[in-house]
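What follows is the content of coords-v5.pdb, which has PDB, C-alpha atoms and all ligand atoms:
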```pdb
MODEL        1
ATOM      1  CA  MET A 268      13.810 -22.803   4.252
ATOM      2  CA  ILE A 269      16.381 -19.992   4.416
ATOM      3  CA  ASP A 270      20.006 -21.003   4.011
ATOM      4  CA  PHE A 271      22.633 -19.498   6.277
ATOM      5  CA  GLY A 272      24.075 -16.420   4.602
ATOM      6  CA  GLU A 273      20.982 -15.898   2.472
ATOM      7  CA  VAL A 274      18.621 -12.890   2.265
ATOM      8  CA  TRP A 275      14.864 -12.844   1.634
ATOM      9  CA  LEU A 276      13.004  -9.610   0.880
ATOM     10  CA  VAL A 277       9.594 -10.413   2.296
ATOM     11  CA  GLY A 278       6.320  -8.559   1.698
ATOM     12  CA  ALA A 279       4.519  -7.965   4.997
ATOM     13  CA  GLY A 280       1.282  -6.822   3.330
ATOM     14  CA  PRO A 281      -0.708  -3.748   4.343
ATOM     15  CA  GLY A 282      -0.790  -4.419   8.085
ATOM     16  CA  ASP A 283      -3.395  -7.046   8.919
ATOM     17  CA  PRO A 284      -1.397 -10.181   9.813
ATOM     18  CA  ASP A 285      -4.069 -12.325   8.150
ATOM     19  CA  LEU A 286      -2.996 -10.782   4.843
ATOM     20  CA  LEU A 287       0.512 -12.152   5.217
ATOM     21  CA  THR A 288       1.234 -15.017   2.808
ATOM     22  CA  ARG A 289       1.882 -18.438   4.326
ATOM     23  CA  LYS A 290       5.335 -18.336   2.772
ATOM     24  CA  ALA A 291       6.113 -14.988   4.425
ATOM     25  CA  GLU A 292       5.093 -16.391   7.789
ATOM     26  CA  LYS A 293       7.302 -19.468   7.292
ATOM     27  CA  LEU A 294      10.233 -17.240   6.327
ATOM     28  CA  ILE A 295       9.962 -14.947   9.348
ATOM     29  CA  CYS A 296       9.759 -17.992  11.619
ATOM     30  CA  ASP A 297      12.845 -19.526  10.038
ATOM     31  CA  ALA A 298      14.992 -16.358  10.060
ATOM     32  CA  SER A 299      17.734 -15.606  12.562
ATOM     33  CA  VAL A 300      17.307 -11.850  12.060
ATOM     34  CA  VAL A 301      14.455  -9.714  10.711
ATOM     35  CA  PHE A 302      15.090  -6.127   9.601
ATOM     36  CA  PHE A 303      11.740  -4.354   9.364
ATOM     37  CA  ASP A 304      10.327  -1.069   8.065
ATOM     38  CA  ALA A 305       8.222   1.443   9.968
ATOM     39  CA  LEU A 306       5.110   0.456   7.979
ATOM     40  CA  VAL A 307       5.162  -3.213   8.962
ATOM     41  CA  GLY A 308       2.080  -3.859  11.111
ATOM     42  CA  GLN A 309       2.431  -4.708  14.793
ATOM     43  CA  GLY A 310       0.274  -7.792  14.248
ATOM     44  CA  VAL A 311       2.844  -9.072  11.753
ATOM     45  CA  LEU A 312       5.756  -8.336  14.098
ATOM     46  CA  ASP A 313       3.949 -10.291  16.821
ATOM     47  CA  LEU A 314       4.319 -13.395  14.638
ATOM     48  CA  VAL A 315       8.119 -13.188  14.753
ATOM     49  CA  PRO A 316       9.334 -15.809  17.265
ATOM     50  CA  ASP A 317      11.166 -14.592  20.383
ATOM     51  CA  HIS A 318      14.472 -16.195  19.400
ATOM     52  CA  VAL A 319      14.623 -14.171  16.165
ATOM     53  CA  ARG A 320      16.485 -10.861  16.389
ATOM     54  CA  LEU A 321      14.099  -8.069  15.371
ATOM     55  CA  VAL A 322      15.785  -4.915  14.092
ATOM     56  CA  PRO A 323      13.836  -1.747  13.155
ATOM     57  CA  VAL A 324      15.307   0.071  10.170
ATOM     58  CA  GLY A 325      12.424   2.500   9.570
ATOM     59  CA  LYS A 326      13.379   5.348   7.346
ATOM     60  CA  ARG A 327      12.573   8.937   8.104
ATOM     61  CA  ALA A 328      11.144  11.016   5.288
ATOM     62  CA  GLY A 329      13.736  13.152   3.566
ATOM     63  CA  ARG A 330      16.738  11.042   4.633
ATOM     64  CA  HIS A 331      16.149   8.141   2.315
ATOM     65  CA  SER A 332      19.360   7.808   0.340
ATOM     66  CA  LYS A 333      21.780   7.866   3.265
ATOM     67  CA  ASP A 334      19.555   5.579   5.295
ATOM     68  CA  GLN A 335      19.089   3.228   2.373
ATOM     69  CA  ASN A 336      22.840   2.733   2.075
ATOM     70  CA  ALA A 337      23.032   2.003   5.784
ATOM     71  CA  ILE A 338      20.215  -0.551   5.473
ATOM     72  CA  ASP A 339      21.899  -2.212   2.479
ATOM     73  CA  ALA A 340      25.110  -2.457   4.498
ATOM     74  CA  LEU A 341      23.338  -3.947   7.529
ATOM     75  CA  ILE A 342      21.681  -6.670   5.490
ATOM     76  CA  VAL A 343      24.868  -7.560   3.638
ATOM     77  CA  GLU A 344      26.873  -7.618   6.852
ATOM     78  CA  ALA A 345      24.374  -9.938   8.552
ATOM     79  CA  ALA A 346      24.335 -12.338   5.605
ATOM     80  CA  LEU A 347      28.150 -12.356   5.380
ATOM     81  CA  ALA A 348      28.191 -13.219   9.091
ATOM     82  CA  GLY A 349      26.166 -16.335   8.197
ATOM     83  CA  GLU A 350      22.750 -15.191   9.413
ATOM     84  CA  LYS A 351      19.436 -16.181   7.838
ATOM     85  CA  VAL A 352      18.212 -12.719   6.920
ATOM     86  CA  VAL A 353      14.653 -11.554   6.370
ATOM     87  CA  ARG A 354      14.129  -8.008   5.207
ATOM     88  CA  LEU A 355      10.476  -7.355   5.986
ATOM     89  CA  LYS A 356       8.846  -4.578   3.964
ATOM     90  CA  GLY A 357       5.345  -3.109   4.017
ATOM     91  CA  GLY A 358       3.042  -4.272   1.218
ATOM     92  CA  ASP A 359       4.878  -5.819  -1.704
ATOM     93  CA  PRO A 360       8.669  -5.381  -1.687
ATOM     94  CA  SER A 361       8.784  -4.613  -5.399
ATOM     95  CA  ILE A 362       6.339  -1.687  -5.255
ATOM     96  CA  PHE A 363       7.896   1.581  -4.090
ATOM     97  CA  GLY A 364       9.946  -0.444  -1.639
ATOM     98  CA  ARG A 365      13.580   0.256  -2.641
ATOM     99  CA  ALA A 366      13.905  -3.459  -3.372
ATOM    100  CA  MET A 367      16.332  -2.984  -6.257
ATOM    101  CA  GLU A 368      18.921  -1.253  -4.073
ATOM    102  CA  GLU A 369      18.875  -4.141  -1.616
ATOM    103  CA  LEU A 370      18.898  -6.815  -4.327
ATOM    104  CA  THR A 371      21.870  -5.135  -5.982
ATOM    105  CA  ALA A 372      23.790  -4.727  -2.725
ATOM    106  CA  CYS A 373      23.334  -8.438  -1.975
ATOM    107  CA  ARG A 374      24.225  -9.575  -5.497
ATOM    108  CA  ASP A 375      27.306  -7.351  -5.560
ATOM    109  CA  ALA A 376      28.432  -9.021  -2.348
ATOM    110  CA  GLY A 377      27.766 -12.494  -3.796
ATOM    111  CA  ILE A 378      24.856 -13.129  -1.422
ATOM    112  CA  PRO A 379      21.900 -15.217  -2.637
ATOM    113  CA  VAL A 380      18.778 -13.038  -2.428
ATOM    114  CA  HIS A 381      15.106 -13.805  -3.098
ATOM    115  CA  ILE A 382      11.730 -12.055  -2.980
ATOM    116  CA  CYS A 383       8.510 -13.210  -1.320
ATOM    117  CA  PRO A 384       5.666 -11.034  -2.679
ATOM    118  CA  GLY A 385       3.068  -9.358  -0.486
ATOM    119  CA  VAL A 386      -0.365  -7.763  -0.754
ATOM    120  CA  THR A 387       0.173  -4.190  -1.893
ATOM    121  CA  ALA A 388      -1.667  -1.221  -0.348
ATOM    122  CA  ALA A 389      -3.760  -0.642  -3.506
ATOM    123  CA  SER A 390      -5.214  -4.144  -3.252
ATOM    124  CA  ALA A 391      -5.973  -3.680   0.433
ATOM    125  CA  ALA A 392      -7.559  -0.276  -0.209
ATOM    126  CA  SER A 393      -9.798  -1.554  -3.019
ATOM    127  CA  ALA A 394     -10.827  -4.487  -0.830
ATOM    128  CA  SER A 395     -11.734  -2.062   1.975
ATOM    129  CA  LEU A 396     -13.856  -0.019  -0.414
ATOM    130  CA  GLY A 397     -15.471  -3.136  -1.836
ATOM    131  CA  MET A 398     -14.456  -2.123  -5.336
ATOM    132  CA  SER A 399     -12.581  -3.463  -8.304
ATOM    133  CA  LEU A 400      -9.470  -1.556  -9.396
ATOM    134  CA  THR A 401     -10.215  -2.373 -13.014
ATOM    135  CA  LEU A 402     -13.633  -2.297 -14.603
ATOM    136  CA  ARG A 403     -14.694  -3.607 -17.998
ATOM    137  CA  GLY A 404     -15.203  -0.665 -20.325
ATOM    138  CA  LEU A 405     -14.588   2.005 -17.655
ATOM    139  CA  ALA A 406     -11.129   1.368 -16.247
ATOM    140  CA  ARG A 407      -8.928  -0.526 -18.671
ATOM    141  CA  ARG A 408      -5.699   0.619 -17.179
ATOM    142  CA  LEU A 409      -4.374   0.542 -13.640
ATOM    143  CA  THR A 410      -1.474   2.832 -12.855
ATOM    144  CA  PHE A 411       0.582   2.608  -9.689
ATOM    145  CA  VAL A 412       2.352   5.901  -9.148
ATOM    146  CA  THR A 413       4.218   7.478  -6.276
ATOM    147  CA  ALA A 414       3.889  11.146  -5.445
ATOM    148  CA  HIS A 415       6.913  11.035  -3.188
ATOM    149  CA  THR A 416       9.393  13.814  -3.812
ATOM    150  CA  LYS A 417      12.771  14.565  -2.354
ATOM    151  CA  ARG A 418      12.535  17.220   0.351
ATOM    152  CA  GLY A 419      12.213  20.687  -1.170
ATOM    153  CA  LYS A 420      11.603  19.314  -4.690
ATOM    154  CA  VAL A 421       8.438  20.118  -6.647
ATOM    155  CA  LEU A 422       6.302  17.138  -7.589
ATOM    156  CA  SER A 423       6.835  16.493 -11.264
ATOM    157  CA  LEU A 424       4.714  13.797 -12.881
ATOM    158  CA  ASP A 425       3.574  13.264 -16.463
ATOM    159  CA  TRP A 426       0.069  14.653 -15.838
ATOM    160  CA  GLN A 427      -0.929  14.251 -19.469
ATOM    161  CA  ALA A 428      -0.228  10.526 -19.342
ATOM    162  CA  LEU A 429      -1.880  10.140 -15.943
ATOM    163  CA  ALA A 430      -5.077  12.033 -16.811
ATOM    164  CA  ASP A 431      -6.580   9.058 -18.612
ATOM    165  CA  PRO A 432     -10.361   8.903 -18.030
ATOM    166  CA  GLU A 433     -10.260   5.128 -18.620
ATOM    167  CA  ALA A 434      -7.676   4.438 -15.940
ATOM    168  CA  THR A 435      -7.626   3.912 -12.207
ATOM    169  CA  LEU A 436      -4.743   5.695 -10.543
ATOM    170  CA  ALA A 437      -3.395   4.236  -7.326
ATOM    171  CA  ILE A 438      -1.245   6.964  -5.828
ATOM    172  CA  TYR A 439       1.184   5.958  -3.087
ATOM    173  CA  MET A 440       2.624   8.568  -0.712
ATOM    174  CA  GLY A 441       0.256  11.124  -2.209
ATOM    175  CA  LYS A 442      -1.540  12.637   0.782
ATOM    176  CA  SER A 443       0.782  15.585   1.323
ATOM    177  CA  SER A 444       0.829  16.350  -2.419
ATOM    178  CA  ALA A 445      -2.950  16.175  -2.799
ATOM    179  CA  ALA A 446      -3.258  19.786  -3.958
ATOM    180  CA  GLN A 447      -0.631  19.382  -6.690
ATOM    181  CA  ILE A 448      -2.153  16.065  -7.765
ATOM    182  CA  GLY A 449      -5.636  17.565  -8.118
ATOM    183  CA  GLU A 450      -4.313  20.583  -9.980
ATOM    184  CA  GLY A 451      -2.015  18.545 -12.243
ATOM    185  CA  LEU A 452      -4.703  16.055 -13.276
ATOM    186  CA  MET A 453      -7.394  18.692 -13.815
ATOM    187  CA  SER A 454      -5.121  20.939 -15.851
ATOM    188  CA  ALA A 455      -4.363  17.916 -18.025
ATOM    189  CA  GLY A 456      -8.090  17.494 -18.660
ATOM    190  CA  LEU A 457      -9.435  15.111 -16.036
ATOM    191  CA  PRO A 458     -12.829  16.462 -14.898
ATOM    192  CA  GLY A 459     -13.152  17.872 -11.372
ATOM    193  CA  SER A 460     -16.050  15.476 -10.861
ATOM    194  CA  THR A 461     -13.786  12.394 -11.234
ATOM    195  CA  PRO A 462     -14.336  10.154  -8.199
ATOM    196  CA  VAL A 463     -11.512   9.876  -5.675
ATOM    197  CA  ALA A 464     -11.119   7.672  -2.629
ATOM    198  CA  LEU A 465      -8.678   8.138   0.223
ATOM    199  CA  VAL A 466      -7.978   5.069   2.288
ATOM    200  CA  GLU A 467      -5.878   5.402   5.399
ATOM    201  CA  ASN A 468      -4.536   2.431   7.378
ATOM    202  CA  ALA A 469      -6.131  -0.039   4.955
ATOM    203  CA  SER A 470      -6.686  -3.442   6.596
ATOM    204  CA  LEU A 471      -5.841  -2.109  10.074
ATOM    205  CA  ASP A 472      -8.059  -1.268  13.043
ATOM    206  CA  GLY A 473      -7.709   2.473  12.458
ATOM    207  CA  GLU A 474      -8.824   2.200   8.839
ATOM    208  CA  VAL A 475     -10.573   5.272   7.422
ATOM    209  CA  SER A 476     -11.950   5.584   3.914
ATOM    210  CA  PHE A 477     -13.467   8.617   2.296
ATOM    211  CA  VAL A 478     -14.929   9.011  -1.182
ATOM    212  CA  THR A 479     -14.992  12.433  -2.804
ATOM    213  CA  ARG A 480     -14.274  14.149  -6.149
ATOM    214  CA  LEU A 481     -11.035  15.334  -7.677
ATOM    215  CA  ASP A 482     -11.696  19.052  -7.173
ATOM    216  CA  LEU A 483     -12.304  18.419  -3.461
ATOM    217  CA  LEU A 484      -9.259  16.184  -2.988
ATOM    218  CA  PRO A 485      -6.999  18.827  -1.369
ATOM    219  CA  LEU A 486      -9.626  19.597   1.265
ATOM    220  CA  ALA A 487     -10.369  15.919   1.885
ATOM    221  CA  ALA A 488      -6.667  15.071   2.274
ATOM    222  CA  LYS A 489      -6.399  17.735   4.979
ATOM    223  CA  THR A 490      -9.584  16.991   6.868
ATOM    224  CA  ALA A 491     -10.826  13.446   6.212
ATOM    225  CA  VAL A 492      -7.731  11.434   7.100
ATOM    226  CA  GLY A 493      -5.112  11.564   9.820
ATOM    227  CA  ASP A 494      -1.401  10.777  10.086
ATOM    228  CA  GLY A 495      -1.472   7.145   8.987
ATOM    229  CA  PRO A 496      -0.286   5.819   5.621
ATOM    230  CA  ALA A 497      -2.895   6.662   3.019
ATOM    231  CA  LEU A 498      -3.520   5.655  -0.543
ATOM    232  CA  LEU A 499      -5.381   7.721  -3.138
ATOM    233  CA  LEU A 500      -7.480   5.955  -5.733
ATOM    234  CA  ILE A 501      -8.731   8.076  -8.624
ATOM    235  CA  GLY A 502     -11.021   7.141 -11.504
ATOM    236  CA  GLU A 503     -14.482   6.134 -12.645
ATOM    237  CA  ALA A 504     -14.161   2.655 -11.124
ATOM    238  CA  ILE A 505     -14.412   4.297  -7.693
ATOM    239  CA  GLY A 506     -17.616   6.078  -8.696
ATOM    240  CA  ALA A 507     -19.104   2.819  -9.957
ATOM    241  CA  ALA A 508     -18.272   1.155  -6.643
ATOM    242  CA  ALA A 509     -19.791   4.011  -4.647
ATOM    243  CA  LYS A 510     -22.991   3.835  -6.745
ATOM    244  CA  ALA A 511     -23.211   0.077  -6.318
ATOM    245  CA  GLN A 512     -22.796   0.488  -2.582
ATOM    246  CA  SER A 513     -25.503   3.122  -2.278
ATOM    247  CA  ARG A 514     -27.816   0.841  -4.302
ATOM    248  CA  ALA A 515     -27.022  -1.956  -1.871
ATOM    249  CA  THR A 516     -27.799   0.392   1.039
ATOM    250  CA  LEU A 517     -31.128   1.363  -0.563
ATOM    251  CA  HIS A 518     -32.052  -2.288  -1.064
ATOM    252  CA  ARG A 519     -31.089  -2.919   2.518
ATOM    253  CA  ALA A 520     -33.304  -0.002   3.652
ATOM    254  CA  ASP A 521     -36.227  -1.403   1.590
ATOM    255  CA  PHE A 522     -35.648  -4.773   3.132
ATOM    256  CA  ASP A 523     -35.549  -3.376   6.678
ATOM    257  CA  GLN A 524     -38.677  -1.342   5.979
ATOM    258  CA  ASP A 525     -40.472  -4.427   4.664
ATOM    259  CA  ARG A 526     -39.575  -6.230   7.823
ATOM    260  CA  SER A 527     -40.738  -3.447  10.125
ATOM    261  CA  HIS A 528     -44.065  -3.097   8.222
ATOM    262  CA  PRO A 529     -44.930  -6.674   7.347
ATOM    263  CA  SER A 530     -47.610  -6.948   4.736
ATOM    264  CA  THR A 531     -51.020  -8.007   6.035
ATOM    265  CA  ASN A 532     -50.907 -10.955   3.655
ATOM    266  CA  ASP A 533     -48.094 -12.533   5.677
TER
HETATM  267  N1  LIG B 601       5.574  -1.487  -0.734
HETATM  268  C1  LIG B 601       4.372  -0.860  -0.236
HETATM  269  C2  LIG B 601       4.357   0.630  -0.519
HETATM  270  C3  LIG B 601       5.438   1.397   0.182
HETATM  271  S1  LIG B 601       5.307   3.109  -0.080
HETATM  272  C4  LIG B 601       3.143  -1.550  -0.806
HETATM  273  O1  LIG B 601       3.276  -2.378  -1.723
HETATM  274  O2  LIG B 601       2.037  -1.286  -0.333
HETATM  275  C5  LIG B 601       4.404   3.617   1.353
HETATM  276  C6  LIG B 601       3.032   4.108   0.959
HETATM  277  O3  LIG B 601       2.172   3.006   0.719
HETATM  278  C7  LIG B 601       2.308   4.901   2.025
HETATM  279  O4  LIG B 601       2.737   6.258   2.044
HETATM  280  C8  LIG B 601       0.883   4.797   1.565
HETATM  281  O5  LIG B 601       0.630   5.612   0.451
HETATM  282  C9  LIG B 601       0.853   3.346   1.087
HETATM  283  N2  LIG B 601       0.418   2.417   2.152
HETATM  284  C10 LIG B 601       1.154   1.486   2.765
HETATM  285  N3  LIG B 601       0.420   0.802   3.680
HETATM  286  C11 LIG B 601      -0.824   1.334   3.618
HETATM  287  C12 LIG B 601      -2.049   1.069   4.299
HETATM  288  N4  LIG B 601      -2.151   0.109   5.212
HETATM  289  N5  LIG B 601      -3.125   1.825   3.977
HETATM  290  C13 LIG B 601      -3.056   2.785   3.037
HETATM  291  N6  LIG B 601      -1.929   3.075   2.362
HETATM  292  C14 LIG B 601      -0.833   2.365   2.648
ENDMDL
END
```
Re-express the file's structure as structure tokens.
Amino acid sequence: MIDFGEVWLVGAGPGDPDLLTRKAEKLICDASVVFFDALVGQGVLDLVPDHVRLVPVGKRAGRHSKDQNAIDALIVEAALAGEKVVRLKGGDPSIFGRAMEELTACRDAGIPVHICPGVTAASAASASLGMSLTLRGLARRLTFVTAHTKRGKVLSLDWQALADPEATLAIYMGKSSAAQIGEGLMSAGLPGSTPVALVENASLDGEVSFVTRLDLLPLAAKTAVGDGPALLLIGEAIGAAAKAQSRATLHRADFDQDRSHPSTND
């Protein structure tokens, strides 16, 4: 499946090994070396056969560019040495995954390089919430945006473009910038009552989800979630999902009540 001297950038999905594609599983079983990120789930790493060399290349926040060059060099070196290389990345490799740097490094070195897509965190988070990211008439646009900033830099996003009441925003790496995100979107006109969901560790055992409103986002980001990777979803589609869920809970309560007080006609 992988030729010697070839590189595959493989999406590991959000953490749950059952969300790995069949192709990704075949690739990690056929590799001779797997370089993996810090966000790749343990359950996925457990699928890597013992004979495959497993190399962590997790990046530490704030040291990205230097580390990225070192990772590019490692991958290229392994492929030039004739290894079958898998570069395993959290979620989908092409979404906030520095895939282009690695593709370019391989291509510049004349190494064949391919991508195997993965389930991105936004998809896992919406699945956890039981909601649709898009919604006919309410959320016509879905925007994936990262709130990551270089250390010491102020978050600068096009708030005017992002404050679209008919969009769902999926914000990656946004937890620590929650206050700036809330302020930026509200000052660009998005109402404070806009529904927001925070989903931490989507698809994993430690998953936490919390639904709130935009003006309460800074508080929620500090108190409702912990240290795990978290995604922010903002927009009316989240509110519609929350309403649908509370309706379902009410129906369920009616149903349970009916069962505990069976009608005398039964
Ligand atoms: N390529 C990845 C994103 C990498 S950026 C993807 O497609 O999902 C890393 C950010 O993704 C994290 O800071 C967090 O915002 C989000 N993320 C990754 N895994 C997550 C998970 N299991 N639950 C919630 N958010 C997650």
Per residue of chain A within 9 Å of ligand LIG 601 (chain B), note the shortest atom pair and the distance in Å to one decimal, counting all atoms listed in the file, and order the rows by chain and increasing residue number, as a Markdown table.
```
| residue | atom | partner | partner_atom | distance |
| --- | --- | --- | --- | --- |
| A:Gly278 | CA | B:LIG601 | N1 | 7.5 |
| A:Ala279 | CA | B:LIG601 | N1 | 8.7 |
| A:Gly280 | CA | B:LIG601 | O2 | 6.7 |
| A:Pro281 | CA | B:LIG601 | N4 | 4.2 |
| A:Gly282 | CA | B:LIG601 | N4 | 5.5 |
| A:Asp283 | CA | B:LIG601 | N4 | 8.2 |
| A:Leu306 | CA | B:LIG601 | N3 | 6.4 |
| A:Val307 | CA | B:LIG601 | N3 | 8.2 |
| A:Gly308 | CA | B:LIG601 | N4 | 8.3 |
| A:Lys356 | CA | B:LIG601 | N1 | 6.5 |
| A:Gly357 | CA | B:LIG601 | C1 | 4.9 |
| A:Gly358 | CA | B:LIG601 | C4 | 3.4 |
| A:Asp359 | CA | B:LIG601 | O1 | 3.8 |
| A:Pro360 | CA | B:LIG601 | N1 | 5.1 |
| A:Ser361 | CA | B:LIG601 | N1 | 6.5 |
| A:Ile362 | CA | B:LIG601 | N1 | 4.6 |
| A:Phe363 | CA | B:LIG601 | C3 | 4.9 |
| A:Gly364 | CA | B:LIG601 | N1 | 4.6 |
| A:Arg365 | CA | B:LIG601 | N1 | 8.4 |
| A:Ala366 | CA | B:LIG601 | N1 | 9.0 |
| A:Gly385 | CA | B:LIG601 | O1 | 7.1 |
| A:Val386 | CA | B:LIG601 | O1 | 6.6 |
| A:Thr387 | CA | B:LIG601 | O1 | 3.6 |
| A:Ala388 | CA | B:LIG601 | O2 | 3.7 |
| A:Ala389 | CA | B:LIG601 | O2 | 6.6 |
| A:Ser390 | CA | B:LIG601 | O2 | 8.3 |
| A:Ala391 | CA | B:LIG601 | N5 | 7.1 |
| A:Ala392 | CA | B:LIG601 | C13 | 6.3 |
| A:Thr413 | CA | B:LIG601 | S1 | 7.7 |
| A:Ala414 | CA | B:LIG601 | O5 | 8.7 |
| A:His415 | CA | B:LIG601 | O4 | 8.2 |
| A:Ala437 | CA | B:LIG601 | O5 | 8.9 |
| A:Ile438 | CA | B:LIG601 | O5 | 6.7 |
| A:Tyr439 | CA | B:LIG601 | O5 | 3.6 |
| A:Met440 | CA | B:LIG601 | O4 | 3.6 |
| A:Gly441 | CA | B:LIG601 | O5 | 6.1 |
| A:Lys442 | CA | B:LIG601 | O5 | 7.4 |
| A:Leu465 | CA | B:LIG601 | C13 | 8.3 |
| A:Val466 | CA | B:LIG601 | C13 | 5.5 |
| A:Glu467 | CA | B:LIG601 | C13 | 4.5 |
| A:Asn468 | CA | B:LIG601 | N5 | 3.7 |
| A:Ala469 | CA | B:LIG601 | N5 | 3.7 |
| A:Ser470 | CA | B:LIG601 | N4 | 5.9 |
| A:Leu471 | CA | B:LIG601 | N4 | 6.5 |
| A:Glu474 | CA | B:LIG601 | N5 | 7.5 |
| A:Val475 | CA | B:LIG601 | N5 | 8.9 |
| A:Gly495 | CA | B:LIG601 | N5 | 7.5 |
| A:Pro496 | CA | B:LIG601 | C8 | 4.3 |
| A:Ala497 | CA | B:LIG601 | N6 | 3.8 |
| A:Leu498 | CA | B:LIG601 | N6 | 4.2 |
| A:Leu499 | CA | B:LIG601 | O5 | 7.3 |
```
Inset, instruction - Find the residue from A:Ala291, A:Ala487, A:Leu400, A:Val421 that sits nearest to A:Ala504; use all atoms listed in the file when measuring. - result: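 Nearest candidate to A:Ala504 out of A:Ala291, A:Ala487, A:Leu400, A:Val421: A:Leu400.
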Which polymer residues have any atom within 10 Å of an atom of A:Arg403, counting all atoms listed in the file, with same-chain residues fewer than 4 positions away left out, as a PDB file with C-alpha atoms, in the frame of the given file?
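For reference, out-v4.pdb as written:
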```
ATOM      1  CA  SER A 399     -12.581  -3.463  -8.304  1.00  0.00           C
ATOM      2  CA  ARG A 407      -8.928  -0.526 -18.671  1.00  0.00           C
ATOM      3  CA  ARG A 408      -5.699   0.619 -17.179  1.00  0.00           C
ATOM      4  CA  GLU A 433     -10.260   5.128 -18.620  1.00  0.00           C
ATOM      5  CA  ALA A 504     -14.161   2.655 -11.124  1.00  0.00           C
TER       6      ALA A 504
END
```
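Between A:His318 and the candidates A:Thr401, A:Asn336, A:Ser423, A:Ser299, the tightest atom-to-atom separation, counting all atoms listed in the file, involves A:Ser299.
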Inset, instruction - Would you please work out which residue, of A:Val380, A:Ser443, A:Ala515, A:Ile505, is nearest to A:Val492 when using only C-alpha atoms? - result: A:Ser443
Inset, instruction - Compile the contact shell of A:Val324 as a ChimeraX atom specification: residues with an atom at most 9 Å away, counting only C-alpha atoms, same-chain residues fewer than 2 positions apart removed. - result: /A:302-305,322,326,334,338
Legend entry - Atomic distance atom CA of A:Val315 - atom CA of A:Ser393, expressed in Å with one decimal: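 Between atom CA of A:Val315 and atom CA of A:Ser393 the gap works out to 27.8 Å.
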Inset, instruction - Calculate how many Å separate atom CA of A:Leu481 from atom CA of A:Ala464, rounding to one decimal. - result: 9.2 Å
Inset, instruction - Spell out the residues picked by the PyMOL selection byres (((chain A and resi 343-349) around 9) and not hetatm) here, as a ChimeraX atom specification. - result: /A:270-274,300,338-342,350-352,369,372-373,376,378
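Among the candidate residues A:Val277, A:Leu422, A:Ala434, A:Gly506, the one lying nearest to A:His381 is A:Val277, with distances computed using only C-alpha atoms.
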For stretch 479-482 of chain A, I'd like the enclosing box, axis-aligned and padded by 4 Å on every side, reported as AutoDock Vina command-line options with centre and edge lengths in Å to one decimal.
```
--center_x -13.0 --center_y 15.7 --center_z -5.2 --size_x 12.0 --size_y 14.6 --size_z 12.9
```
Legend entry - Residue with smallest distance to A:Leu294 - pool A:Ile269, A:Leu314, A:Leu484, A:Met453, counting all atoms listed in the file: A:Ile269
Legend entry - Counting all atoms listed in the file, the residue of A:Val478, A:Ala406, A:Ala428, A:Thr490 that sits nearest A:Gly502: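 Closest to A:Gly502 of all the choices is A:Ala406.
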Legend entry - Gap from atom CA of A:Glu292 to atom CA of A:Asp375 - Å, one decimal: 27.4 Å
